[in-house]
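Participant: Contents are compact mmCIF, C-alpha atoms and all ligand atoms; file name data_38.txt:
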```txt
# COMPACT_ATOMS: atom_id res chain seq x y z
CA MET A 28 45.13 -19.00 -10.67
CA PHE A 29 41.37 -18.98 -10.89
CA ASN A 30 39.83 -17.72 -7.68
CA LEU A 31 36.09 -17.20 -7.61
CA ASP A 32 36.38 -14.86 -4.62
CA ASN A 33 38.27 -12.37 -6.78
CA LEU A 34 35.44 -12.32 -9.28
CA VAL A 35 32.29 -12.11 -7.17
CA ARG A 36 30.78 -8.67 -6.60
CA ALA A 37 31.95 -7.41 -3.23
CA ASP A 38 28.69 -5.53 -2.73
CA LEU A 39 26.71 -8.77 -2.96
CA LYS A 40 28.84 -10.80 -0.51
CA SER A 41 26.35 -10.21 2.30
CA LEU A 42 23.38 -11.31 0.19
CA LYS A 43 21.96 -14.73 1.05
CA PRO A 44 20.23 -16.97 -1.52
CA TYR A 45 16.46 -16.96 -1.01
CA LYS A 46 15.70 -19.96 1.15
CA PRO A 47 12.06 -20.99 1.23
CA ASN A 48 10.64 -22.93 4.16
CA VAL A 49 10.88 -26.66 3.63
CA VAL A 50 7.31 -27.86 3.96
CA SER A 51 6.77 -31.48 4.99
CA PRO A 52 3.60 -33.12 3.70
CA GLY A 53 0.56 -32.43 5.86
CA VAL A 54 1.87 -29.15 7.26
CA ILE A 55 -0.72 -26.38 7.36
CA LYS A 56 0.83 -23.65 5.27
CA LEU A 57 -0.04 -20.20 6.58
CA ASP A 58 3.30 -18.55 5.80
CA ALA A 59 3.19 -17.14 2.26
CA ASN A 60 -0.16 -15.33 1.91
CA GLU A 61 -1.39 -17.75 -0.72
CA ASN A 62 -5.08 -18.39 -1.41
CA PRO A 63 -5.96 -21.53 0.63
CA PHE A 64 -8.56 -22.74 -1.85
CA ASP A 65 -7.87 -24.75 -4.97
CA LEU A 66 -8.49 -23.19 -8.38
CA PRO A 67 -12.20 -23.88 -9.12
CA ALA A 68 -12.68 -27.08 -11.16
CA GLU A 69 -14.57 -25.20 -13.86
CA ILE A 70 -11.55 -22.99 -14.51
CA LYS A 71 -9.14 -25.95 -14.56
CA LYS A 72 -11.35 -27.71 -17.08
CA ALA A 73 -11.56 -24.64 -19.31
CA ILE A 74 -7.76 -24.29 -19.25
CA GLU A 75 -7.28 -27.94 -20.22
CA GLU A 76 -9.76 -27.66 -23.06
CA ASN A 77 -7.93 -24.69 -24.50
CA ILE A 78 -4.38 -26.05 -24.48
CA SER A 79 -3.14 -25.66 -28.07
CA PRO A 80 -1.00 -28.31 -29.81
CA THR A 81 2.00 -25.93 -29.88
CA ILE A 82 1.84 -24.76 -26.29
CA PHE A 83 5.02 -26.63 -25.34
CA SER A 84 7.07 -26.36 -28.53
CA ARG A 85 6.69 -22.71 -29.51
CA TYR A 86 7.92 -19.57 -27.82
CA PRO A 87 5.21 -17.56 -26.13
CA ASP A 88 3.92 -14.19 -27.33
CA PRO A 89 6.59 -11.88 -25.86
CA LEU A 90 4.10 -9.12 -25.17
CA ALA A 91 1.37 -11.50 -23.92
CA LEU A 92 -1.16 -9.40 -25.79
CA ASN A 93 -4.18 -11.66 -25.20
CA MET A 94 -3.44 -11.70 -21.52
CA LEU A 95 -2.93 -7.92 -21.37
CA GLY A 96 -6.28 -7.54 -23.15
CA GLU A 97 -7.99 -9.62 -20.47
CA ILE A 98 -6.27 -7.67 -17.68
CA ALA A 99 -7.23 -4.38 -19.36
CA ASP A 100 -10.83 -5.56 -19.54
CA TYR A 101 -10.80 -6.61 -15.88
CA LEU A 102 -9.46 -3.24 -14.71
CA GLY A 103 -11.04 -0.93 -17.28
CA ALA A 104 -7.52 0.26 -18.16
CA SER A 105 -5.69 0.52 -21.48
CA ALA A 106 -3.44 -2.43 -22.46
CA ASP A 107 -0.68 0.09 -23.39
CA CYS A 108 -0.40 0.94 -19.70
CA ILE A 109 0.26 -2.65 -18.55
CA MET A 110 3.48 -4.65 -18.44
CA PRO A 111 3.49 -8.32 -17.40
CA GLY A 112 6.17 -9.92 -15.21
CA ASN A 113 7.27 -13.39 -14.19
CA GLY A 114 5.75 -12.70 -10.81
CA SER A 115 5.69 -9.10 -9.63
CA ASP A 116 9.10 -9.90 -8.13
CA GLU A 117 10.59 -9.77 -11.62
CA LEU A 118 9.00 -6.37 -12.17
CA ILE A 119 10.55 -5.06 -8.95
CA LEU A 120 13.98 -6.04 -10.32
CA ASP A 121 13.17 -4.45 -13.70
CA LEU A 122 12.14 -1.22 -11.98
CA MET A 123 15.34 -1.15 -9.93
CA LEU A 124 17.47 -1.83 -13.03
CA CYS A 125 15.63 0.76 -15.08
CA PHE A 126 15.28 3.55 -12.54
CA GLY A 127 17.16 2.65 -9.35
CA MET A 128 20.74 1.99 -10.45
CA ASN A 129 23.17 4.48 -8.87
CA ARG A 130 20.21 6.50 -7.59
CA THR A 131 18.43 6.75 -4.28
CA VAL A 132 15.33 4.63 -3.76
CA LEU A 133 13.16 5.25 -0.70
CA VAL A 134 11.23 2.41 0.90
CA SER A 135 8.47 2.87 3.48
CA ALA A 136 9.48 0.24 6.07
CA PRO A 137 8.95 -2.28 7.60
CA THR A 138 7.75 -3.94 4.44
CA PHE A 139 8.26 -6.65 1.82
CA SER A 140 11.95 -7.60 1.61
CA MET A 141 12.22 -7.86 -2.18
CA TYR A 142 12.48 -4.09 -2.70
CA GLN A 143 15.75 -4.02 -0.76
CA ILE A 144 17.10 -7.24 -2.25
CA HIS A 145 16.42 -6.31 -5.87
CA GLY A 146 17.56 -2.76 -5.15
CA GLN A 147 20.88 -4.09 -3.90
CA ILE A 148 21.29 -6.38 -6.92
CA ALA A 149 20.61 -3.44 -9.24
CA LYS A 150 23.03 -1.17 -7.32
CA ALA A 151 20.34 1.18 -6.08
CA ASN A 152 20.99 3.12 -2.89
CA CYS A 153 17.94 1.96 -0.91
CA LEU A 154 17.02 4.06 2.11
CA GLU A 155 14.26 3.16 4.51
CA VAL A 156 11.80 5.65 5.97
CA ASN A 157 10.19 4.15 9.03
CA ARG A 158 6.44 3.90 9.33
CA LYS A 159 4.81 5.44 12.39
CA GLU A 160 3.89 3.51 15.51
CA ASP A 161 0.51 2.49 14.03
CA PHE A 162 2.38 1.41 10.85
CA SER A 163 0.88 4.19 8.75
CA PRO A 164 3.54 5.57 6.37
CA ASP A 165 5.29 8.80 7.30
CA ILE A 166 4.26 10.66 4.14
CA ASP A 167 5.83 13.99 5.16
CA GLU A 168 9.17 12.34 5.84
CA LEU A 169 8.99 10.40 2.56
CA ILE A 170 8.39 13.68 0.70
CA LYS A 171 11.19 15.45 2.51
CA LYS A 172 13.73 12.65 1.98
CA ALA A 173 12.67 12.11 -1.63
CA ASN A 174 13.36 15.76 -2.39
CA ASP A 175 16.54 16.01 -0.26
CA HIS A 176 18.08 12.93 -1.90
CA LYS A 177 16.57 13.51 -5.36
CA ALA A 178 15.22 9.97 -5.09
CA SER A 179 14.37 8.33 -8.40
CA LEU A 180 11.79 6.01 -6.86
CA VAL A 181 9.65 5.88 -3.72
CA VAL A 182 8.19 2.47 -2.82
CA LEU A 183 5.08 2.06 -0.71
CA CYS A 184 3.09 -1.14 -0.28
CA SER A 185 -0.65 -0.79 0.41
CA PRO A 186 -2.10 -2.85 2.01
CA ASN A 187 1.39 -3.30 3.43
CA ASN A 188 3.11 -6.67 3.86
CA PRO A 189 3.64 -7.69 6.68
CA THR A 190 1.68 -5.12 8.71
CA GLY A 191 -1.66 -5.24 6.80
CA THR A 192 -1.87 -1.43 6.85
CA TYR A 193 -3.82 0.27 4.08
CA THR A 194 -2.87 3.85 3.14
CA PRO A 195 -5.84 6.10 2.21
CA LEU A 196 -5.78 7.57 -1.29
CA ASP A 197 -5.56 11.19 -0.14
CA GLU A 198 -2.24 10.36 1.56
CA LEU A 199 -0.94 8.68 -1.58
CA GLU A 200 -2.10 11.61 -3.68
CA LYS A 201 -0.20 14.01 -1.43
CA LEU A 202 2.96 11.94 -2.01
CA LEU A 203 2.42 11.73 -5.78
CA LYS A 204 1.96 15.50 -6.00
CA SER A 205 4.87 16.52 -3.83
CA VAL A 206 7.80 14.61 -5.31
CA THR A 207 9.61 14.52 -8.64
CA SER A 208 10.36 10.81 -8.09
CA LEU A 209 8.50 7.88 -9.52
CA VAL A 210 6.15 6.41 -6.90
CA LEU A 211 5.59 2.66 -6.83
CA ILE A 212 2.43 1.55 -5.03
CA ASP A 213 2.50 -2.22 -4.52
CA GLU A 214 -1.12 -3.39 -4.51
CA ALA A 215 -0.39 -7.12 -4.19
CA TYR A 216 -3.25 -7.41 -1.67
CA ILE A 217 -5.69 -4.81 -3.00
CA GLU A 218 -8.41 -7.37 -3.85
CA PHE A 219 -8.75 -8.02 -0.11
CA GLY A 220 -9.32 -4.43 0.95
CA GLY A 221 -8.62 -0.75 0.53
CA GLU A 222 -9.18 1.36 -2.56
CA SER A 223 -6.87 1.07 -5.56
CA CYS A 224 -5.03 4.13 -6.87
CA LEU A 225 -5.85 3.00 -10.40
CA LYS A 226 -7.98 6.11 -10.80
CA PHE A 227 -4.83 8.27 -10.41
CA LEU A 228 -3.10 6.64 -13.38
CA ASP A 229 -4.16 9.25 -15.95
CA LYS A 230 -3.55 12.16 -13.61
CA TYR A 231 -0.07 11.38 -12.24
CA PRO A 232 2.70 10.59 -14.74
CA ASN A 233 4.96 9.42 -11.88
CA LEU A 234 2.63 6.68 -10.60
CA ILE A 235 3.44 2.99 -11.01
CA ILE A 236 1.05 0.34 -9.63
CA LEU A 237 2.20 -3.21 -9.02
CA ARG A 238 -0.23 -6.16 -8.95
CA THR A 239 0.00 -9.94 -8.84
CA PHE A 240 -2.00 -13.09 -9.55
CA SER A 241 -0.24 -14.88 -6.68
CA LYS A 242 -2.43 -13.77 -3.79
CA ALA A 243 -6.19 -13.22 -4.31
CA PHE A 244 -6.28 -15.14 -7.62
CA GLY A 245 -4.57 -18.14 -6.03
CA LEU A 246 -2.12 -18.59 -8.92
CA ALA A 247 1.25 -18.20 -7.17
CA GLY A 248 2.53 -21.30 -8.99
CA LEU A 249 2.14 -19.67 -12.40
CA ARG A 250 4.41 -16.69 -11.62
CA VAL A 251 2.48 -13.81 -13.14
CA GLY A 252 2.32 -10.21 -11.98
CA TYR A 253 1.89 -6.93 -13.82
CA LEU A 254 2.45 -3.25 -13.42
CA LEU A 255 0.43 -0.27 -14.56
CA ALA A 256 1.85 3.10 -15.51
CA GLN A 257 1.54 5.69 -18.25
CA ASP A 258 2.79 4.41 -21.62
CA LYS A 259 6.05 6.42 -21.53
CA ILE A 260 7.15 4.53 -18.42
CA ILE A 261 6.08 1.20 -19.92
CA GLU A 262 8.17 1.94 -23.04
CA GLU A 263 11.29 2.40 -20.88
CA LEU A 264 10.62 -0.75 -18.88
CA LEU A 265 10.04 -2.83 -22.03
CA LYS A 266 13.73 -2.25 -22.89
CA ILE A 267 14.64 -4.22 -19.77
CA LYS A 268 11.95 -6.89 -19.91
CA GLN A 269 13.00 -10.48 -20.63
CA PRO A 270 11.35 -11.16 -24.00
CA PHE A 271 9.62 -14.44 -23.16
CA ASN A 272 8.97 -13.88 -19.46
CA ILE A 273 5.41 -15.22 -19.37
CA ASN A 274 5.21 -18.82 -20.57
CA ASN A 275 2.42 -20.13 -22.81
CA TYR A 276 0.70 -22.11 -20.11
CA SER A 277 0.59 -19.15 -17.72
CA GLN A 278 -0.75 -16.83 -20.41
CA LEU A 279 -3.58 -19.27 -21.15
CA ALA A 280 -4.34 -19.93 -17.48
CA ILE A 281 -4.43 -16.22 -16.56
CA CYS A 282 -6.73 -15.41 -19.50
CA THR A 283 -9.07 -18.21 -18.42
CA ALA A 284 -9.01 -17.27 -14.75
CA LEU A 285 -9.91 -13.69 -15.67
CA GLN A 286 -12.81 -14.86 -17.82
CA TYR A 287 -14.14 -16.81 -14.83
CA ARG A 288 -13.16 -14.21 -12.24
CA ASP A 289 -16.57 -14.27 -10.53
CA LEU A 290 -15.67 -17.72 -9.18
CA ILE A 291 -12.41 -16.40 -7.80
CA PHE A 292 -14.02 -13.38 -6.20
CA LYS A 293 -16.33 -15.75 -4.33
CA GLN A 294 -13.21 -17.23 -2.76
CA VAL A 295 -11.95 -13.74 -1.95
CA GLU A 296 -15.21 -12.96 -0.12
CA LYS A 297 -14.84 -16.17 1.87
CA ILE A 298 -11.23 -15.32 2.76
CA LYS A 299 -12.27 -11.84 3.93
CA ALA A 300 -14.98 -13.31 6.17
CA ASN A 301 -12.47 -15.83 7.55
CA ARG A 302 -10.00 -13.01 8.14
CA ASP A 303 -12.50 -10.99 10.16
CA ASN A 304 -13.31 -14.04 12.29
CA LEU A 305 -9.68 -14.95 12.79
CA LEU A 306 -8.78 -11.38 13.75
CA LYS A 307 -11.56 -11.27 16.32
CA GLN A 308 -10.55 -14.55 17.93
CA LEU A 309 -6.82 -13.84 17.80
CA SER A 310 -7.35 -10.46 19.47
CA SER A 311 -9.19 -12.12 22.34
CA LEU A 312 -6.20 -14.33 23.25
CA LYS A 313 -4.30 -13.28 26.35
CA GLY A 314 -0.75 -12.11 25.59
CA VAL A 315 -1.54 -11.33 21.94
CA THR A 316 -1.76 -7.89 20.31
CA THR A 317 -3.17 -7.76 16.80
CA TYR A 318 -3.00 -4.98 14.22
CA PRO A 319 -5.76 -3.89 11.80
CA THR A 320 -5.49 -5.55 8.41
CA GLU A 321 -6.94 -5.05 4.94
CA ALA A 322 -5.02 -8.01 3.52
CA ASN A 323 -5.31 -11.83 3.70
CA PHE A 324 -2.92 -12.05 6.63
CA ILE A 325 -2.72 -10.78 10.19
CA LEU A 326 0.27 -9.31 12.00
CA PHE A 327 0.34 -10.03 15.71
CA LYS A 328 2.71 -9.48 18.60
CA THR A 329 3.09 -11.80 21.57
CA ASP A 330 4.54 -11.30 25.02
CA LYS A 331 6.73 -14.38 24.37
CA PHE A 332 9.72 -14.78 22.04
CA ALA A 333 8.43 -14.96 18.49
CA ASN A 334 10.93 -17.64 17.47
CA ARG A 335 9.65 -19.91 20.24
CA ILE A 336 6.01 -19.44 19.21
CA PHE A 337 7.03 -20.09 15.62
CA GLY A 338 8.92 -23.26 16.54
CA HIS A 339 6.17 -24.64 18.77
CA LEU A 340 3.55 -24.08 16.08
CA LEU A 341 5.73 -25.76 13.47
CA ALA A 342 6.18 -28.75 15.79
CA LYS A 343 2.37 -28.97 15.75
CA GLY A 344 2.38 -28.91 11.96
CA ILE A 345 1.47 -25.26 11.49
CA LEU A 346 3.79 -23.02 9.51
CA ILE A 347 3.44 -19.24 9.90
CA ARG A 348 6.02 -16.45 9.39
CA ASN A 349 8.29 -15.01 12.02
CA VAL A 350 8.67 -11.37 10.94
CA SER A 351 10.44 -10.12 14.08
CA GLY A 352 12.89 -7.35 13.40
CA PRO A 353 13.27 -3.62 13.65
CA LEU A 354 9.89 -2.07 14.65
CA LEU A 355 8.41 -5.58 14.67
CA GLU A 356 9.79 -7.03 17.87
CA ASN A 357 8.23 -10.44 18.64
CA CYS A 358 5.84 -10.08 15.74
CA LEU A 359 4.51 -12.94 13.65
CA ARG A 360 2.39 -13.00 10.52
CA VAL A 361 -0.29 -15.57 9.84
CA THR A 362 -1.98 -16.04 6.48
CA VAL A 363 -5.76 -16.46 6.56
CA GLY A 364 -6.48 -20.08 5.69
CA THR A 365 -9.64 -22.15 5.49
CA GLU A 366 -11.89 -22.11 8.57
CA GLU A 367 -10.50 -25.47 9.61
CA GLU A 368 -6.88 -24.32 9.27
CA ASN A 369 -7.56 -21.09 11.15
CA ASN A 370 -9.19 -23.00 14.01
CA LEU A 371 -6.27 -25.41 14.30
CA PHE A 372 -3.87 -22.46 14.35
CA LEU A 373 -5.89 -20.70 17.07
CA GLU A 374 -6.23 -23.82 19.25
CA ASN A 375 -2.53 -24.57 19.08
CA LEU A 376 -1.45 -20.98 19.65
CA GLU A 377 -3.70 -20.72 22.69
CA GLU A 378 -2.22 -23.88 24.13
CA ILE A 379 1.36 -22.70 23.54
CA LEU A 380 0.65 -19.34 25.18
CA LYS A 381 -0.87 -21.05 28.21
CA GLN A 382 2.13 -23.33 28.66
CA GLY A 383 4.36 -20.28 28.80
C1 LIG B 1 3.77 -11.72 -2.50
C2 LIG B 1 4.14 -10.33 -2.81
C3 LIG B 1 4.63 -9.95 -4.06
C4 LIG B 1 5.19 -10.95 -5.04
O1 LIG B 1 4.32 -11.58 -5.76
P1 LIG B 1 4.73 -12.44 -7.02
O2 LIG B 1 3.87 -11.86 -8.07
O3 LIG B 1 4.36 -13.83 -6.63
O4 LIG B 1 6.19 -12.30 -7.33
C5 LIG B 1 4.86 -8.62 -4.33
N1 LIG B 1 4.65 -7.69 -3.39
C6 LIG B 1 4.22 -8.02 -2.18
C7 LIG B 1 4.03 -6.96 -1.18
C8 LIG B 1 3.96 -9.34 -1.84
O5 LIG B 1 3.57 -9.65 -0.60
```
Kindly transcribe the structure held in the file into structure tokens.
Ligand SMILES: *Cc1c(COP(=O)(O)O)cnc(C)c1O
Facilitator:
Amino acid sequence: MFNLDNLVRADLKSLKPYKPNVVSPGVIKLDANENPFDLPAEIKKAIEENISPTIFSRYPDPLALNMLGEIADYLGASADCIMPGNGSDELILDLMLCFGMNRTVLVSAPTFSMYQIHGQIAKANCLEVNRKEDFSPDIDELIKKANDHKASLVVLCSPNNPTGTYTPLDELEKLLKSVTSLVLIDEAYIEFGGESCLKFLDKYPNLIILRTFSKAFGLAGLRVGYLLAQDKIIEELLKIKQPFNINNYSQLAICTALQYRDLIFKQVEKIKANRDNLLKQLSSLKGVTTYPTEANFILFKTDKFANRIFGHLLAKGILIRNVSGPLLENCLRVTVGTEEENNLFLENLEEILKQG
């Protein structure tokens, strides 16, 4: 008799399908760290004008060479050191499949949940090393554990999601130098603050940098991320890569957005100014503790139950993220929106806190 239960992987029984928030029309969306501004009209027009007659009918360039060339130009890096992914999420899975399976992977926590999820899918033994009270990573403990467990990969997000914490380069360099593991630095938010470890790429053969077009570039809908590493690592990862993972439209749109990147970096400047304002005002609210941030979101703690704050805000049409959990008791994360969105969030939060 066919019985699906006999066939499913026992080690994945506890895994839950990713369930995004259902967003009703009109809801102010401050939950996913997206860019609140629309892609500039000039860029949209340039994309439309360059759509080729075969964009829908032909397979895309599997290596996305034009796009890699544009990324290389943007970063001043070599295209041989870049691998594109269908979102950086796909690259996290590729890394776990390539280097994490049946090995120990260390994750500096609390952080982005996809490292654990993709690690579990790829049968990696993921261990967390807690960040310190100020959410800075415990570099000494990461080094010790990496060496004790002969970890194949150490994962550190900087600026870190959801805490906003940026790790200075001398700390990262200490980690890179002191382990025999690969070290993945997730720089999904680097355009908003902190210094990139791009300049370590030539020096450290164990460094892997992860980037995305979903956050600062405002292109989350296209699903494009990339990683940077020395060419030997890229060669290994290319064995795992889905051949046609970046579709034609995305390749064209990313190339165009990079050519017009000045327009996008104007938005980034605006978001950073909005962030600094929002942080200042949020910190002044009674019953709220904020944490320093270099990203386009703010982590804050309230003296009320986080799920109640979350629910009350949603009832007012404002969606943020409840990130409560170990080391993040009653913590919430709000994405920096437009000035108008940030003000509505602040007004409503203040009212909810007053009501008790
Ligand atoms: C949003 C996010 C990503 C995923 O980005 P995609 O490229 O959209 O898959 C990766 N890492 C961190 C830390 C993120 O917050």
Participant: Residues of chain A that have any atom at most 8 Å from an atom of ligand LIG 1 (chain B): could you tabulate them with the shortest-distance atom pair and the distance in Å to one decimal, using only C-alpha atoms and all ligand atoms, ordered by chain and increasing number, as JSON lines?
Facilitator:
```
{"residue": "A:Ala59", "atom": "CA", "partner": "B:LIG1", "partner_atom": "C1", "distance": 7.2}
{"residue": "A:Asn60", "atom": "CA", "partner": "B:LIG1", "partner_atom": "C1", "distance": 6.9}
{"residue": "A:Gly112", "atom": "CA", "partner": "B:LIG1", "partner_atom": "O2", "distance": 7.7}
{"residue": "A:Asn113", "atom": "CA", "partner": "B:LIG1", "partner_atom": "O4", "distance": 7.0}
{"residue": "A:Gly114", "atom": "CA", "partner": "B:LIG1", "partner_atom": "O2", "distance": 3.4}
{"residue": "A:Ser115", "atom": "CA", "partner": "B:LIG1", "partner_atom": "O2", "distance": 3.7}
{"residue": "A:Asp116", "atom": "CA", "partner": "B:LIG1", "partner_atom": "O4", "distance": 3.9}
{"residue": "A:Glu117", "atom": "CA", "partner": "B:LIG1", "partner_atom": "O4", "distance": 6.6}
{"residue": "A:Thr138", "atom": "CA", "partner": "B:LIG1", "partner_atom": "C7", "distance": 7.4}
{"residue": "A:Phe139", "atom": "CA", "partner": "B:LIG1", "partner_atom": "C7", "distance": 5.2}
{"residue": "A:Met141", "atom": "CA", "partner": "B:LIG1", "partner_atom": "N1", "distance": 7.7}
{"residue": "A:Cys184", "atom": "CA", "partner": "B:LIG1", "partner_atom": "C7", "distance": 6.0}
{"residue": "A:Ser185", "atom": "CA", "partner": "B:LIG1", "partner_atom": "C7", "distance": 7.9}
{"residue": "A:Asn187", "atom": "CA", "partner": "B:LIG1", "partner_atom": "C7", "distance": 6.5}
{"residue": "A:Asn188", "atom": "CA", "partner": "B:LIG1", "partner_atom": "C7", "distance": 5.1}
{"residue": "A:Pro189", "atom": "CA", "partner": "B:LIG1", "partner_atom": "O5", "distance": 7.5}
{"residue": "A:Asp213", "atom": "CA", "partner": "B:LIG1", "partner_atom": "N1", "distance": 6.0}
{"residue": "A:Glu214", "atom": "CA", "partner": "B:LIG1", "partner_atom": "C7", "distance": 7.1}
{"residue": "A:Ala215", "atom": "CA", "partner": "B:LIG1", "partner_atom": "C6", "distance": 5.1}
{"residue": "A:Tyr216", "atom": "CA", "partner": "B:LIG1", "partner_atom": "O5", "distance": 7.3}
{"residue": "A:Leu237", "atom": "CA", "partner": "B:LIG1", "partner_atom": "N1", "distance": 7.6}
{"residue": "A:Arg238", "atom": "CA", "partner": "B:LIG1", "partner_atom": "O2", "distance": 7.1}
{"residue": "A:Thr239", "atom": "CA", "partner": "B:LIG1", "partner_atom": "O2", "distance": 4.4}
{"residue": "A:Phe240", "atom": "CA", "partner": "B:LIG1", "partner_atom": "O2", "distance": 6.2}
{"residue": "A:Ser241", "atom": "CA", "partner": "B:LIG1", "partner_atom": "O3", "distance": 4.7}
{"residue": "A:Lys242", "atom": "CA", "partner": "B:LIG1", "partner_atom": "C1", "distance": 6.7}
{"residue": "A:Ala247", "atom": "CA", "partner": "B:LIG1", "partner_atom": "O3", "distance": 5.4}
{"residue": "A:Arg250", "atom": "CA", "partner": "B:LIG1", "partner_atom": "O3", "distance": 5.8}
{"residue": "A:Val251", "atom": "CA", "partner": "B:LIG1", "partner_atom": "O2", "distance": 5.6}
{"residue": "A:Gly252", "atom": "CA", "partner": "B:LIG1", "partner_atom": "O2", "distance": 4.5}
{"residue": "A:Tyr253", "atom": "CA", "partner": "B:LIG1", "partner_atom": "O2", "distance": 7.8}
```
Participant: Export, as a PDB file, in the coordinates of the input, the selected residues with C-alpha atoms.
Facilitator:
```
ATOM      1  CA  ALA A  59       3.190 -17.140   2.260  1.00  0.00           C
ATOM      2  CA  ASN A  60      -0.160 -15.330   1.910  1.00  0.00           C
ATOM      3  CA  GLY A 112       6.170  -9.920 -15.210  1.00  0.00           C
ATOM      4  CA  ASN A 113       7.270 -13.390 -14.190  1.00  0.00           C
ATOM      5  CA  GLY A 114       5.750 -12.700 -10.810  1.00  0.00           C
ATOM      6  CA  SER A 115       5.690  -9.100  -9.630  1.00  0.00           C
ATOM      7  CA  ASP A 116       9.100  -9.900  -8.130  1.00  0.00           C
ATOM      8  CA  GLU A 117      10.590  -9.770 -11.620  1.00  0.00           C
ATOM      9  CA  THR A 138       7.750  -3.940   4.440  1.00  0.00           C
ATOM     10  CA  PHE A 139       8.260  -6.650   1.820  1.00  0.00           C
ATOM     11  CA  MET A 141      12.220  -7.860  -2.180  1.00  0.00           C
ATOM     12  CA  CYS A 184       3.090  -1.140  -0.280  1.00  0.00           C
ATOM     13  CA  SER A 185      -0.650  -0.790   0.410  1.00  0.00           C
ATOM     14  CA  ASN A 187       1.390  -3.300   3.430  1.00  0.00           C
ATOM     15  CA  ASN A 188       3.110  -6.670   3.860  1.00  0.00           C
ATOM     16  CA  PRO A 189       3.640  -7.690   6.680  1.00  0.00           C
ATOM     17  CA  ASP A 213       2.500  -2.220  -4.520  1.00  0.00           C
ATOM     18  CA  GLU A 214      -1.120  -3.390  -4.510  1.00  0.00           C
ATOM     19  CA  ALA A 215      -0.390  -7.120  -4.190  1.00  0.00           C
ATOM     20  CA  TYR A 216      -3.250  -7.410  -1.670  1.00  0.00           C
ATOM     21  CA  LEU A 237       2.200  -3.210  -9.020  1.00  0.00           C
ATOM     22  CA  ARG A 238      -0.230  -6.160  -8.950  1.00  0.00           C
ATOM     23  CA  THR A 239       0.000  -9.940  -8.840  1.00  0.00           C
ATOM     24  CA  PHE A 240      -2.000 -13.090  -9.550  1.00  0.00           C
ATOM     25  CA  SER A 241      -0.240 -14.880  -6.680  1.00  0.00           C
ATOM     26  CA  LYS A 242      -2.430 -13.770  -3.790  1.00  0.00           C
ATOM     27  CA  ALA A 247       1.250 -18.200  -7.170  1.00  0.00           C
ATOM     28  CA  ARG A 250       4.410 -16.690 -11.620  1.00  0.00           C
ATOM     29  CA  VAL A 251       2.480 -13.810 -13.140  1.00  0.00           C
ATOM     30  CA  GLY A 252       2.320 -10.210 -11.980  1.00  0.00           C
ATOM     31  CA  TYR A 253       1.890  -6.930 -13.820  1.00  0.00           C
TER      32      TYR A 253
END
```
Participant: Can you tell me, as a list in words, what residues are no more than 8 Å from Leu285 of chain A when counting only C-alpha atoms, ignoring any on the same chain fewer than 2 positions away?
Facilitator: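 Non-adjacent residues within range: Glu97, Ile98, Tyr101, Ile281, Cys282, Thr283, Tyr287 and Arg288 of chain A.
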Participant: For those residues, write C-alpha atoms to a file as a tab-separated table (two decimals), keeping the file's coordinate frame.
Facilitator:
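Ended up saving to result10.tsv:
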```tsv
chain	number	residue	atom	x	y	z
A	97	GLU	CA	-7.99	-9.62	-20.47
A	98	ILE	CA	-6.27	-7.67	-17.68
A	101	TYR	CA	-10.80	-6.61	-15.88
A	281	ILE	CA	-4.43	-16.22	-16.56
A	282	CYS	CA	-6.73	-15.41	-19.50
A	283	THR	CA	-9.07	-18.21	-18.42
A	287	TYR	CA	-14.14	-16.81	-14.83
A	288	ARG	CA	-13.16	-14.21	-12.24
```
Participant: Skip Ile291 of chain A itself and residues of its chain fewer than 3 positions away, then list as JSON, numbers by chain all residues within 9 Å of it, counting all atoms listed in the file.
Facilitator: {"A": [66, 67, 243, 244, 245, 284, 285, 287, 288, 294, 295, 296]}
Participant: Generate the output file for the selected residues, C-alpha atoms, as a PDB file, in the frame of the given file.
Facilitator:
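Once written, again02.pdb looks like this:
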```pdb
ATOM      1  CA  LEU A  66      -8.490 -23.190  -8.380  1.00  0.00           C
ATOM      2  CA  PRO A  67     -12.200 -23.880  -9.120  1.00  0.00           C
ATOM      3  CA  ALA A 243      -6.190 -13.220  -4.310  1.00  0.00           C
ATOM      4  CA  PHE A 244      -6.280 -15.140  -7.620  1.00  0.00           C
ATOM      5  CA  GLY A 245      -4.570 -18.140  -6.030  1.00  0.00           C
ATOM      6  CA  ALA A 284      -9.010 -17.270 -14.750  1.00  0.00           C
ATOM      7  CA  LEU A 285      -9.910 -13.690 -15.670  1.00  0.00           C
ATOM      8  CA  TYR A 287     -14.140 -16.810 -14.830  1.00  0.00           C
ATOM      9  CA  ARG A 288     -13.160 -14.210 -12.240  1.00  0.00           C
ATOM     10  CA  GLN A 294     -13.210 -17.230  -2.760  1.00  0.00           C
ATOM     11  CA  VAL A 295     -11.950 -13.740  -1.950  1.00  0.00           C
ATOM     12  CA  GLU A 296     -15.210 -12.960  -0.120  1.00  0.00           C
TER      13      GLU A 296
END
```
Participant: What is the distance, in Å and to one decimal place, between atom CA of Asp197 of chain A and atom CA of Ile166 of chain A?
Facilitator: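 Straight-line distance from atom CA of Asp197 of chain A to atom CA of Ile166 of chain A works out to 10.7 Å.
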Participant: To one decimal place in Å, what is the distance between atom CA of Thr207 of chain A and atom CA of Leu102 of chain A?
Facilitator: 26.8 Å
Participant: I need the residue nearest Ile82 of chain A from this list: A:Thr320, A:Gln278, A:Leu309, A:Lys230. Use only C-alpha atoms for the distance.
Facilitator: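 Comparing A:Thr320, A:Gln278, A:Leu309, A:Lys230 against Ile82 of chain A, the winner is A:Gln278.
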Participant: Would you mind reading off the distance between atom CA of Asp88 of chain A and atom CA of Leu124 of chain A, one decimal, in Å?
Facilitator: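 Taking atom CA of Asp88 of chain A as the start and atom CA of Leu124 of chain A as the end point, the length is 23.3 Å.
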